[in-house]
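Peer 1: Quick one: this structure, given as structure tokens, is what I'll be asking you about.
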Amino acid sequence: MIEKLVKSDDFDLVVITGDMVLSNAGPRLFRTLIRTMEALETPWTFIFGNHETDHSTYQEYLASTADTEWLRFKVGPELDEGGVGNFRINFTKDDNPFYTLYFFDSHAERAEYTEEEGEY
């Protein structure tokens, strides 16, 4: 479906908004996603959801991103109670800022939750 959508227009950026995998095979499945997205030759990025680290670590996923050409993901600064992948992408036109997108990992794996929040 992503391939059909990307080929239907000339997109500036494709963003996958988390929960890409929920499996013991997460890193392997993530590598398949990377190959698929890179083959589209369209800038893309992702933000981690609250389930990627149910079975694997952020580092296991990030190890697969080193040799990408079209991926715009950045690790960015870790915020208080923040996760991995806090970054921004600046778009310019004729070397002038056009717009900025901000990406934040909600870091759902906190050690403690209030009763009102529940877990996750």
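In the structure tokens, chains take letters A, B, ... by order of appearance, with residues numbered from 1 within each chain and ligands from 1 in the order shown.
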Residues within 9 Å of Thr17 of chain A, please, as an NGL selection string. Count only C-alpha atoms; anything in the same chain fewer than 3 positions from it doesn't count.
Peer 2: :A and (20 or 45-49)
Peer 1: Write down as JSON, numbers by chain the residues belonging to chain A that are assigned strand (DSSP E or B) by DSSP computed on the backbone.
Peer 2: {"A": [14, 15, 16, 17, 44, 45, 46, 47, 71, 87, 88, 89, 90, 91, 92, 93, 96, 97, 98, 99, 100, 101, 102, 103]}
Peer 1: Atom CA of Tyr113 of chain A and atom CA of Arg88 of chain A are how many Å apart?
Peer 2: 28.0 Å
Peer 1: Counting only C-alpha atoms, which residue out of A:Leu40, A:Ile34, A:Leu29, A:Leu62 sits closest to Gly85 of chain A?
Peer 2: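 Among the listed residues, A:Leu62 lies closest to Gly85 of chain A.
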Peer 1: When you count only C-alpha atoms, which of these residues is closest to Val75 of chain A: A:Asn90, A:Tyr99, A:Phe104, A:His55?
Peer 2: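 Closest to Val75 of chain A, using only C-alpha atoms: A:Phe104.
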